[in-house]
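File shown here: input.cif, holding mmCIF, C-alpha atoms.
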data_final
#
loop_
_atom_site.label_atom_id
_atom_site.label_comp_id
_atom_site.auth_asym_id
_atom_site.auth_seq_id
_atom_site.Cartn_x
_atom_site.Cartn_y
_atom_site.Cartn_z
CA MET W 4 51.35 -16.10 -45.14
CA LYS W 5 53.17 -17.24 -42.02
CA LYS W 6 51.77 -14.29 -40.07
CA GLY W 7 48.25 -15.07 -41.35
CA PHE W 8 48.55 -18.71 -40.35
CA MET W 9 49.78 -17.79 -36.86
CA TYR W 10 46.87 -15.32 -36.48
CA LEU W 11 44.30 -17.96 -37.44
CA LEU W 12 45.88 -20.50 -35.10
CA ALA W 13 45.72 -18.03 -32.22
CA MET W 14 42.07 -17.30 -32.96
CA PHE W 15 41.15 -21.03 -32.97
CA LEU W 16 42.95 -21.56 -29.67
CA LEU W 17 41.16 -18.58 -28.12
CA ILE W 18 37.73 -19.78 -29.30
CA GLY W 19 38.44 -23.27 -27.95
CA PHE W 20 39.52 -21.85 -24.60
CA LEU W 21 36.35 -19.73 -24.32
CA ALA W 22 34.11 -22.67 -25.26
CA ALA W 23 35.75 -24.86 -22.62
CA CYS W 24 35.37 -22.22 -19.94
CA GLY W 25 31.87 -21.09 -21.00
CA PRO W 26 29.67 -23.09 -18.60
CA ASP W 27 31.80 -22.41 -15.53
CA ASP W 28 32.07 -18.71 -16.29
CA SER W 29 28.34 -18.53 -16.85
CA LYS W 30 27.75 -20.04 -13.43
CA LYS W 31 30.15 -17.61 -11.83
CA SER W 32 28.47 -14.74 -13.60
CA GLY W 33 25.12 -15.85 -12.19
CA GLU W 34 26.61 -16.10 -8.72
CA LYS W 35 28.02 -12.62 -9.02
CA GLU W 36 24.66 -11.29 -10.15
CA ASP W 37 22.94 -12.81 -7.14
CA ALA W 38 25.55 -11.31 -4.89
CA LYS W 39 25.10 -7.99 -6.60
CA THR W 40 21.35 -8.14 -6.01
CA THR W 41 22.01 -8.76 -2.33
CA ASP W 42 24.66 -6.06 -2.26
CA GLU W 43 22.14 -3.57 -3.65
CA MET W 44 20.28 -3.74 -0.33
CA PRO W 45 21.91 -1.59 2.34
CA GLU W 46 22.92 -3.00 5.69
CA LYS W 47 19.98 -4.35 7.65
CA PRO W 48 18.57 -2.01 10.26
CA GLU W 49 17.98 -3.41 13.72
CA THR W 50 14.37 -2.18 13.72
CA LEU W 51 11.66 -1.02 11.33
CA THR W 52 8.73 0.99 12.68
CA LEU W 53 5.22 0.27 11.45
CA TRP W 54 2.13 2.29 12.29
CA VAL W 55 -0.83 -0.07 12.39
CA ASN W 56 -4.51 0.73 12.57
CA ASP W 57 -5.64 0.62 16.18
CA GLU W 58 -8.01 -2.33 15.90
CA GLU W 59 -7.64 -5.53 17.93
CA LYS W 60 -7.96 -8.18 15.22
CA GLN W 61 -5.77 -6.25 12.79
CA ARG W 62 -3.06 -5.91 15.43
CA GLU W 63 -3.30 -9.61 16.27
CA ALA W 64 -2.80 -10.57 12.61
CA LEU W 65 0.12 -8.18 12.15
CA GLU W 66 1.84 -9.40 15.29
CA LYS W 67 2.01 -12.90 13.80
CA MET W 68 3.08 -11.63 10.37
CA THR W 69 5.84 -9.36 11.69
CA LYS W 70 7.08 -12.08 14.04
CA LYS W 71 7.64 -14.35 11.03
CA TYR W 72 9.36 -11.51 9.18
CA THR W 73 11.74 -11.03 12.11
CA GLU W 74 12.48 -14.77 12.20
CA GLU W 75 13.36 -14.72 8.49
CA THR W 76 15.33 -11.47 8.35
CA GLY W 77 16.52 -10.74 11.89
CA ILE W 78 14.92 -7.29 11.67
CA LYS W 79 12.67 -6.39 14.59
CA VAL W 80 9.39 -4.68 13.68
CA GLU W 81 8.12 -2.13 16.17
CA MET W 82 4.34 -1.91 15.82
CA ILE W 83 2.74 1.29 17.05
CA PRO W 84 -1.09 1.45 17.05
CA VAL W 85 -2.29 4.69 15.44
CA SER W 86 -5.79 5.09 14.01
CA MET W 87 -5.77 5.41 10.22
CA LEU W 88 -7.75 8.62 10.62
CA GLU W 89 -4.96 10.15 12.72
CA GLN W 90 -1.88 8.90 10.89
CA ILE W 91 -1.62 11.73 8.35
CA GLU W 92 -1.67 14.59 10.86
CA LYS W 93 0.58 12.67 13.23
CA LEU W 94 3.14 11.92 10.49
CA ASP W 95 3.11 15.60 9.53
CA VAL W 96 4.44 16.34 13.04
CA GLU W 97 6.44 13.24 13.97
CA GLY W 98 8.16 12.75 10.59
CA PRO W 99 10.19 15.97 10.48
CA ALA W 100 11.04 15.53 14.17
CA GLY W 101 12.64 12.16 13.43
CA ASN W 102 10.09 10.20 15.46
CA GLY W 103 7.98 8.93 12.61
CA PRO W 104 7.54 5.41 11.23
CA ASP W 105 9.08 3.73 8.22
CA VAL W 106 5.69 2.44 7.07
CA ILE W 107 2.12 3.71 7.47
CA TYR W 108 -1.21 2.06 6.66
CA GLN W 109 -3.78 4.10 4.74
CA PRO W 110 -6.84 3.83 2.47
CA HIS W 111 -5.97 4.69 -1.10
CA ASP W 112 -8.28 7.70 -1.42
CA ARG W 113 -5.90 9.65 0.82
CA ILE W 114 -2.88 9.05 -1.41
CA GLY W 115 -3.27 12.35 -3.26
CA ASP W 116 -3.37 14.29 -0.01
CA LEU W 117 -0.32 12.45 1.35
CA VAL W 118 1.63 13.14 -1.84
CA LEU W 119 0.57 16.79 -1.85
CA ARG W 120 1.87 17.15 1.70
CA GLY W 121 5.15 15.43 0.80
CA LEU W 122 4.72 12.75 3.48
CA VAL W 123 5.22 9.62 1.38
CA GLU W 124 7.51 8.35 -1.36
CA PRO W 125 6.64 6.33 -4.46
CA ILE W 126 7.49 2.65 -4.35
CA ASP W 127 8.77 0.19 -6.94
CA LEU W 128 6.61 -2.92 -7.23
CA GLY W 129 8.85 -4.37 -9.92
CA GLU W 130 7.86 -7.92 -10.91
CA LYS W 131 5.42 -8.02 -7.99
CA GLU W 132 3.11 -5.69 -9.90
CA GLU W 133 1.41 -8.63 -11.63
CA GLU W 134 0.54 -10.24 -8.27
CA TYR W 135 -2.09 -7.66 -7.29
CA THR W 136 -5.61 -7.22 -8.65
CA GLU W 137 -6.30 -4.68 -11.37
CA ASN W 138 -8.47 -2.54 -9.09
CA ALA W 139 -5.75 -2.57 -6.42
CA LEU W 140 -3.11 -1.37 -8.86
CA LYS W 141 -5.38 1.36 -10.22
CA ALA W 142 -6.15 2.50 -6.70
CA VAL W 143 -2.55 2.95 -5.52
CA GLN W 144 -1.48 4.84 -8.64
CA TYR W 145 -1.17 8.59 -8.64
CA GLU W 146 0.64 10.75 -11.18
CA GLU W 147 1.76 7.58 -12.99
CA GLU W 148 3.58 6.14 -9.99
CA TYR W 149 2.73 3.54 -7.35
CA TRP W 150 2.45 4.78 -3.78
CA GLY W 151 1.61 1.68 -1.79
CA TYR W 152 1.75 -2.09 -1.51
CA PRO W 153 -1.93 -3.13 -1.71
CA ALA W 154 -2.97 -5.08 1.37
CA VAL W 155 -6.77 -5.12 1.66
CA SER W 156 -9.54 -4.80 -0.89
CA GLU W 157 -12.98 -3.83 0.31
CA THR W 158 -16.34 -2.89 -1.02
CA TYR W 159 -19.85 -3.44 0.29
CA ALA W 160 -22.57 -5.89 -0.65
CA LEU W 161 -25.97 -7.09 0.47
CA PHE W 162 -26.42 -8.96 3.75
CA TYR W 163 -29.78 -10.64 4.29
CA ASN W 164 -31.49 -12.60 7.03
CA LYS W 165 -32.52 -16.00 5.64
CA SER W 166 -35.27 -16.34 8.23
CA ARG W 167 -36.95 -13.29 6.67
CA VAL W 168 -35.73 -13.57 3.06
CA LYS W 169 -36.17 -17.06 1.66
CA GLU W 170 -34.37 -16.53 -1.65
CA GLU W 171 -31.25 -14.53 -2.52
CA PRO W 172 -32.38 -11.21 -4.04
CA LYS W 173 -30.88 -10.64 -7.47
CA GLU W 174 -32.82 -7.56 -8.59
CA MET W 175 -33.55 -4.27 -6.85
CA LYS W 176 -37.25 -4.65 -7.54
CA GLN W 177 -37.16 -7.70 -5.23
CA ILE W 178 -35.52 -5.55 -2.55
CA MET W 179 -38.24 -2.94 -2.94
CA GLU W 180 -40.90 -5.64 -2.57
CA ILE W 181 -39.20 -6.82 0.62
CA ALA W 182 -39.02 -3.22 1.88
CA GLU W 183 -42.73 -2.71 1.21
CA LYS W 184 -43.69 -5.99 2.89
CA ASP W 185 -41.41 -5.97 5.93
CA THR W 186 -41.21 -2.29 6.92
CA ASN W 187 -43.07 -1.32 10.08
CA PRO W 188 -41.41 1.76 11.66
CA ALA W 189 -43.66 1.59 14.71
CA LYS W 190 -42.04 -1.73 15.64
CA ASP W 191 -38.54 -0.75 14.43
CA GLU W 192 -38.82 -3.37 11.68
CA TYR W 193 -37.48 -2.74 8.19
CA GLY W 194 -37.13 -4.61 4.93
CA PHE W 195 -34.03 -2.83 3.63
CA LEU W 196 -31.54 -0.46 5.25
CA LEU W 197 -28.34 1.31 4.29
CA GLU W 198 -26.69 4.58 5.25
CA ALA W 199 -28.47 6.45 2.48
CA ALA W 200 -27.16 9.86 3.61
CA ASN W 201 -23.57 8.69 3.08
CA LEU W 202 -22.11 8.97 -0.44
CA TYR W 203 -19.83 5.99 0.19
CA PHE W 204 -22.74 3.56 0.56
CA VAL W 205 -25.30 5.18 -1.73
CA TYR W 206 -22.91 5.71 -4.68
CA PRO W 207 -23.95 2.49 -6.54
CA PHE W 208 -27.45 3.87 -7.05
CA PHE W 209 -26.00 7.00 -8.61
CA SER W 210 -23.18 5.42 -10.64
CA GLY W 211 -25.44 2.62 -11.87
CA ASN W 212 -27.60 5.30 -13.50
CA GLY W 213 -24.65 7.09 -15.12
CA ALA W 214 -23.34 9.45 -12.42
CA TYR W 215 -19.64 9.72 -11.56
CA VAL W 216 -17.45 11.73 -9.22
CA PHE W 217 -14.76 13.01 -11.61
CA GLY W 218 -14.23 12.47 -15.30
CA ASN W 219 -11.71 9.67 -15.70
CA GLU W 220 -9.70 8.83 -18.79
CA ASN W 221 -7.26 5.93 -18.39
CA GLY W 222 -6.79 6.65 -14.69
CA LYS W 223 -6.34 10.41 -15.11
CA TYR W 224 -9.02 12.34 -13.27
CA ASP W 225 -10.41 15.63 -14.50
CA THR W 226 -11.51 17.35 -11.30
CA THR W 227 -13.23 20.10 -13.27
CA ASP W 228 -15.62 17.48 -14.67
CA ILE W 229 -17.94 16.52 -11.80
CA GLY W 230 -20.76 14.12 -12.65
CA LEU W 231 -22.74 14.23 -9.42
CA ASN W 232 -25.54 16.39 -10.78
CA ASN W 233 -26.01 14.89 -14.23
CA GLU W 234 -29.13 13.05 -15.38
CA GLY W 235 -28.02 9.78 -13.78
CA ALA W 236 -27.29 11.52 -10.48
CA ILE W 237 -30.77 13.05 -10.46
CA LYS W 238 -32.28 9.58 -10.99
CA GLY W 239 -30.19 8.27 -8.10
CA GLY W 240 -31.24 11.14 -5.87
CA GLU W 241 -34.91 10.62 -6.69
CA LEU W 242 -34.62 6.93 -5.83
CA VAL W 243 -33.06 7.74 -2.45
CA GLN W 244 -35.73 10.34 -1.76
CA GLU W 245 -38.41 7.78 -2.52
CA TRP W 246 -36.98 5.43 0.13
CA TYR W 247 -37.34 8.14 2.76
CA GLU W 248 -40.80 9.22 1.60
CA LYS W 249 -42.06 5.63 1.90
CA GLU W 250 -40.34 5.35 5.31
CA TYR W 251 -38.26 2.40 4.12
CA ILE W 252 -35.29 4.20 5.70
CA PRO W 253 -35.70 6.27 8.90
CA GLN W 254 -34.30 9.77 9.24
CA ASP W 255 -30.96 10.11 11.04
CA LEU W 256 -30.09 6.43 10.69
CA THR W 257 -26.67 5.74 12.25
CA PRO W 258 -24.36 2.74 11.73
CA ASP W 259 -24.97 1.62 15.33
CA ILE W 260 -28.75 1.66 14.87
CA LEU W 261 -28.52 -0.15 11.53
CA ASN W 262 -26.23 -2.86 12.87
CA GLY W 263 -28.17 -3.26 16.09
CA LEU W 264 -31.51 -3.74 14.34
CA PHE W 265 -30.07 -6.21 11.84
CA LYS W 266 -28.37 -8.28 14.56
CA GLU W 267 -31.65 -8.33 16.52
CA GLY W 268 -33.38 -9.85 13.50
CA LYS W 269 -35.56 -6.81 12.85
CA VAL W 270 -34.22 -6.05 9.36
CA SER W 271 -34.49 -8.28 6.31
CA ALA W 272 -31.52 -6.91 4.31
CA VAL W 273 -28.78 -4.30 4.71
CA ILE W 274 -25.92 -2.98 2.62
CA ASN W 275 -22.66 -3.04 4.53
CA GLY W 276 -19.03 -4.09 4.25
CA PRO W 277 -17.11 -7.33 4.88
CA TRP W 278 -15.81 -5.90 8.15
CA MET W 279 -19.23 -6.78 9.60
CA VAL W 280 -19.26 -10.46 8.58
CA ARG W 281 -17.85 -11.87 11.82
CA GLU W 282 -20.01 -9.63 14.02
CA TYR W 283 -23.21 -10.43 12.12
CA GLU W 284 -22.39 -14.15 12.21
CA GLU W 285 -22.18 -14.11 16.00
CA ASP W 286 -25.82 -13.01 16.22
CA LEU W 287 -27.47 -14.51 13.15
CA GLY W 288 -25.42 -17.68 12.67
CA GLU W 289 -26.61 -19.76 9.72
CA ASP W 290 -29.42 -17.29 9.00
CA LEU W 291 -26.85 -14.83 7.63
CA GLY W 292 -26.61 -14.62 3.86
CA ALA W 293 -24.65 -12.33 1.55
CA ALA W 294 -24.93 -11.46 -2.13
CA PRO W 295 -23.65 -8.88 -4.61
CA ILE W 296 -25.80 -5.74 -4.74
CA PRO W 297 -28.83 -6.64 -6.91
CA VAL W 298 -29.02 -5.26 -10.44
CA LEU W 299 -30.93 -2.02 -10.98
CA ASP W 300 -34.12 -1.67 -12.99
CA ASN W 301 -32.01 -0.61 -16.00
CA ARG W 302 -30.25 -4.03 -15.77
CA GLU W 303 -26.96 -2.38 -14.76
CA HIS W 304 -24.84 -3.78 -11.96
CA PRO W 305 -24.48 -1.09 -9.29
CA LYS W 306 -20.90 0.21 -9.26
CA SER W 307 -19.84 0.25 -5.64
CA PHE W 308 -16.79 2.14 -4.41
CA VAL W 309 -13.78 -0.14 -4.01
CA GLY W 310 -11.33 0.87 -1.31
CA ILE W 311 -7.77 -0.41 -1.16
CA LYS W 312 -5.84 -0.17 2.08
CA SER W 313 -2.11 -0.24 1.52
CA TYR W 314 1.23 0.00 3.27
CA MET W 315 2.96 3.23 2.31
CA LEU W 316 6.55 4.39 2.56
CA SER W 317 7.19 7.39 4.78
CA TYR W 318 9.23 10.16 3.17
CA TYR W 319 11.16 10.40 6.43
CA SER W 320 12.16 6.73 6.62
CA GLU W 321 15.91 6.16 6.79
CA ASN W 322 15.48 2.52 5.78
CA LYS W 323 13.53 2.85 2.56
CA GLU W 324 14.74 -0.34 0.86
CA TRP W 325 14.10 -2.56 3.88
CA ALA W 326 10.80 -0.80 4.56
CA GLN W 327 9.70 -1.86 1.07
CA ASP W 328 10.93 -5.36 1.76
CA LEU W 329 8.68 -5.44 4.84
CA MET W 330 5.70 -4.11 2.86
CA ALA W 331 6.19 -6.77 0.20
CA TYR W 332 6.31 -9.44 2.91
CA LEU W 333 3.14 -8.20 4.61
CA THR W 334 1.26 -8.43 1.30
CA ASN W 335 2.58 -11.76 0.03
CA PHE W 336 0.25 -14.75 -0.45
CA GLU W 337 0.82 -16.35 2.94
CA SER W 338 0.53 -13.07 4.87
CA SER W 339 -2.60 -12.05 2.95
CA LEU W 340 -4.45 -15.25 3.82
CA LEU W 341 -3.31 -15.06 7.44
CA TYR W 342 -4.63 -11.49 7.66
CA TYR W 343 -7.92 -12.56 6.07
CA ASP W 344 -8.25 -15.47 8.47
CA ILE W 345 -7.72 -13.35 11.60
CA ALA W 346 -8.92 -9.85 10.68
CA GLY W 347 -11.62 -10.94 8.24
CA GLU W 348 -10.58 -8.53 5.48
CA LEU W 349 -10.25 -9.50 1.82
CA PRO W 350 -6.81 -9.50 0.20
CA ALA W 351 -5.76 -7.34 -2.75
CA ARG W 352 -3.85 -10.18 -4.45
CA LYS W 353 -5.08 -12.24 -7.41
CA ASP W 354 -3.90 -15.60 -6.07
CA ALA W 355 -5.32 -15.01 -2.59
CA MET W 356 -8.70 -13.85 -3.94
CA GLU W 357 -8.84 -17.04 -6.02
CA ASP W 358 -7.97 -19.26 -3.07
CA PRO W 359 -10.66 -21.84 -2.10
CA GLU W 360 -10.71 -20.41 1.43
CA ILE W 361 -12.33 -17.28 -0.02
CA VAL W 362 -14.01 -18.55 -3.18
CA GLU W 363 -15.83 -21.31 -1.32
CA ASN W 364 -16.92 -19.07 1.56
CA PRO W 365 -20.56 -18.12 0.79
CA LEU W 366 -20.29 -14.82 2.65
CA TYR W 367 -16.92 -13.42 1.64
CA SER W 368 -17.27 -14.64 -1.94
CA ALA W 369 -20.20 -12.23 -2.35
CA PHE W 370 -17.87 -9.31 -1.68
CA ALA W 371 -15.21 -10.74 -3.98
CA GLU W 372 -17.89 -10.91 -6.69
CA GLN W 373 -19.06 -7.34 -6.03
CA THR W 374 -15.52 -5.97 -6.46
CA LYS W 375 -15.76 -6.99 -10.13
CA TYR W 376 -18.47 -4.38 -10.57
CA GLY W 377 -16.82 -1.77 -8.39
CA GLU W 378 -14.55 1.15 -9.15
CA PRO W 379 -11.74 2.54 -7.01
CA MET W 380 -12.54 5.75 -5.18
CA PRO W 381 -10.61 8.63 -6.80
CA SER W 382 -7.25 9.05 -5.05
CA VAL W 383 -6.73 12.69 -6.08
CA PRO W 384 -6.58 15.30 -3.27
CA ALA W 385 -9.82 16.86 -4.56
CA MET W 386 -11.75 13.77 -3.43
CA GLN W 387 -11.48 14.98 0.16
CA GLN W 388 -13.55 18.03 -0.83
CA VAL W 389 -16.44 15.89 -2.11
CA TRP W 390 -17.68 14.04 0.95
CA GLU W 391 -19.07 16.81 3.15
CA PRO W 392 -20.99 18.80 0.51
CA PHE W 393 -22.50 15.70 -1.03
CA ASN W 394 -23.45 14.10 2.26
CA ASP W 395 -25.13 17.39 3.19
CA ALA W 396 -27.00 17.18 -0.10
CA LEU W 397 -28.18 13.65 0.69
CA ASN W 398 -29.43 14.86 4.04
CA PHE W 399 -31.49 17.59 2.33
CA ILE W 400 -32.80 15.06 -0.19
CA SER W 401 -33.88 12.78 2.66
CA LYS W 402 -36.00 15.64 4.01
CA GLY W 403 -37.81 16.21 0.72
CA GLU W 404 -35.82 19.11 -0.81
CA PRO W 405 -35.85 19.31 -4.67
CA VAL W 406 -33.28 16.79 -5.89
CA GLU W 407 -31.90 18.60 -8.95
CA GLU W 408 -31.56 21.91 -7.12
CA VAL W 409 -29.82 20.30 -4.15
CA LEU W 410 -27.37 18.39 -6.36
CA ASN W 411 -26.51 21.51 -8.37
CA GLU W 412 -25.74 23.37 -5.13
CA ALA W 413 -23.62 20.48 -3.88
CA VAL W 414 -21.52 20.35 -7.04
CA GLU W 415 -21.03 24.11 -6.95
CA SER W 416 -19.88 23.83 -3.32
CA ILE W 417 -17.46 21.03 -4.24
CA LYS W 418 -15.96 23.14 -7.04
CA GLN W 419 -15.51 26.10 -4.71
CA LYS W 420 -13.83 23.94 -2.05
CA ILE W 421 -11.45 22.45 -4.63
CA GLU W 422 -10.57 25.90 -5.94
CA SER W 423 -10.06 27.41 -2.48
CA THR W 424 -7.82 24.56 -1.29
CA GLY W 425 -5.94 24.16 -4.57
CA ALA W 426 -6.42 20.41 -4.19
CA ASN W 427 -6.74 19.18 -7.74
#

As structure tokens, the full file:
Amino acid sequence: MKKGFMYLLAMFLLIGFLAACGPDDSKKSGEKEDAKTTDEMPEKPETLTLWVNDEEKQREALEKMTKKYTEETGIKVEMIPVSMLEQIEKLDVEGPAGNGPDVIYQPHDRIGDLVLRGLVEPIDLGEKEEEYTENALKAVQYEEEYWGYPAVSETYALFYNKSRVKEEPKEMKQIMEIAEKDTNPAKDEYGFLLEAANLYFVYPFFSGNGAYVFGNENGKYDTTDIGLNNEGAIKGGELVQEWYEKEYIPQDLTPDILNGLFKEGKVSAVINGPWMVREYEEDLGEDLGAAPIPVLDNREHPKSFVGIKSYMLSYYSENKEWAQDLMAYLTNFESSLLYYDIAGELPARKDAMEDPEIVENPLYSAFAEQTKYGEPMPSVPAMQQVWEPFNDALNFISKGEPVEEVLNEAVESIKQKIESTGAN
């Protein structure tokens, strides 16, 4: 009995001691956890190297963003201008030699190729995952992992000249009426222009009729299932061919010609991307309008390609944790709006896309609206084998070749290129 009483007394004393110490210990535990989180990061490097796209406004924005990062962390960011088109091949050489960057900047449709070459590493978005738009997250996923911090979201929409188009076009039949009324090739005047021999821009008129690039089930692409010659694709091809036959779109139209004619006030409406907003504004001023791509005759919203540019982690980086810290900083809310303000490119974050600065802008809001109807370009390596054969097909279609036959040949060529390269 005595032993039992002494045992109970000891237990009560122990419980009382723990209760008294509980709050303080809890605080200390929290402090230790914070310290542990900090300790998980390795020692700060003196410098992180970032390859930036060689474009003036983009560099200007990043200079301000990285300067703030340096002020907050003490880590210097060395910015090296390298065109996005050249970064992959350059990293393939510079990385193994120890001269590569910690972070590169790439459009998401090249992720599969970068992964296949072993040039990048997956990243951990952690709790930040919920900060980015759904399309952005889909775009930077490959083989069930994330490969980039989404920075910029872009698609294309309809620009129109208010001095020639009095009311925002909402249906494609209105666009066709404008094309019929305003097109006069002899005077270099057109009602409606787009790069119709470029899959990137013409895709909405195929996808809106039921075409697709690769079969896609929950983000997993089946590269053996190519939907660029199905019934919907044929309808899209016939529509494009009709534009050329009626001379709505001239043969061998280039981006420079398209932009030049529109800025001169000789074109009523064009399909182009948000990267042209500032340039068009300089020439057209308040006459410039923008709208989502008008609905098709089947009442479907055209599904434009959505491209996500992201910061990606080099496989060869020796500062992987801090490189990710930099990427997270460059895509936070404040940085995203600063980049939009200077470079004129739309963010890939939910909160930034919902900011009044974008929502209340009549031009940029049109592109934000169009992204809701868009779909990310496939990021699998096989996507790189699609562009050339299909653009060749569009060129043949523009010259009056049989649409179905041309599309069948294009798809066969795509399959052969995928098989020969092993890029699935």

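Take the PyMOL selection byres ((chain W and resi 227) around 12) and apply it to this file: it picks Val216, Phe217, Gly218, Asn219, Tyr224, Asp225, Thr226, Asp228, Ile229, Gly230, Leu231, Ala385, Met386, Val414, Glu415, Ile417, Lys418, Gln419, Lys420, Ile421, Glu422, Ala426 and Asn427 of chain W.
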
**OP:** Take the PyMOL selection byres ((chain W and resi 163-169) around 7), apply it to the structure above, and return the hits as a PyMOL selection string.
**Re:** chain W and resi 161-162+170-171+271-273+290-293

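Going from CA of Lys306 (chain W) over to CA of Gly263 (chain W), you cover 26.6 Å.
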
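Once Leu397 (chain W) and its same-chain neighbours fewer than 3 positions away are set aside, Ala199, Ala200, Asn201, Leu202, Gly240, Phe393, Asn394, Ile400 and Ser401 of chain W remain within 8 Å of it when counting only C-alpha atoms.
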
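Summary of the local environment: counting all atoms listed in the file, residues at most 6 Å from region 360-372 of chain W, other than itself and those fewer than 6 positions away along its chain, are W:Ala160, W:Ala293, W:Ala294, W:Pro295.
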
Subject >> Residue neighbourhood Met380 (chain W), 12 Å, only C-alpha atoms, exclusion window fewer than 2 positions, as an NGL selection string >> reply: :W and (110-115 or 138-139 or 141-144 or 156-158 or 202-204 or 206-207 or 210 or 215-217 or 219 or 222 or 224 or 306-312 or 377-378 or 382-387 or 389-390)

Subject >> Residue nearest Arg62 (chain W) among W:Val243, W:Val270, W:Met44, W:Ile83 (counting only C-alpha atoms) >> reply: W:Ile83

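Ranking W:Leu410, W:Met68, W:Val55, W:Val280 by their shortest atom-to-atom distance to Glu337 (chain W), with all atoms listed in the file included, puts W:Met68 first.
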
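With all atoms listed in the file as the basis for measurement, W:Asp95 is the residue among W:Asp95, W:Glu408, W:Thr69, W:Met82 that approaches Tyr319 (chain W) most closely.
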
Subject >> Nearest candidate to Ile274 (chain W) (options W:Glu198, W:Glu46, W:Asp57, W:Glu248; using all atoms listed in the file) >> reply: W:Glu198
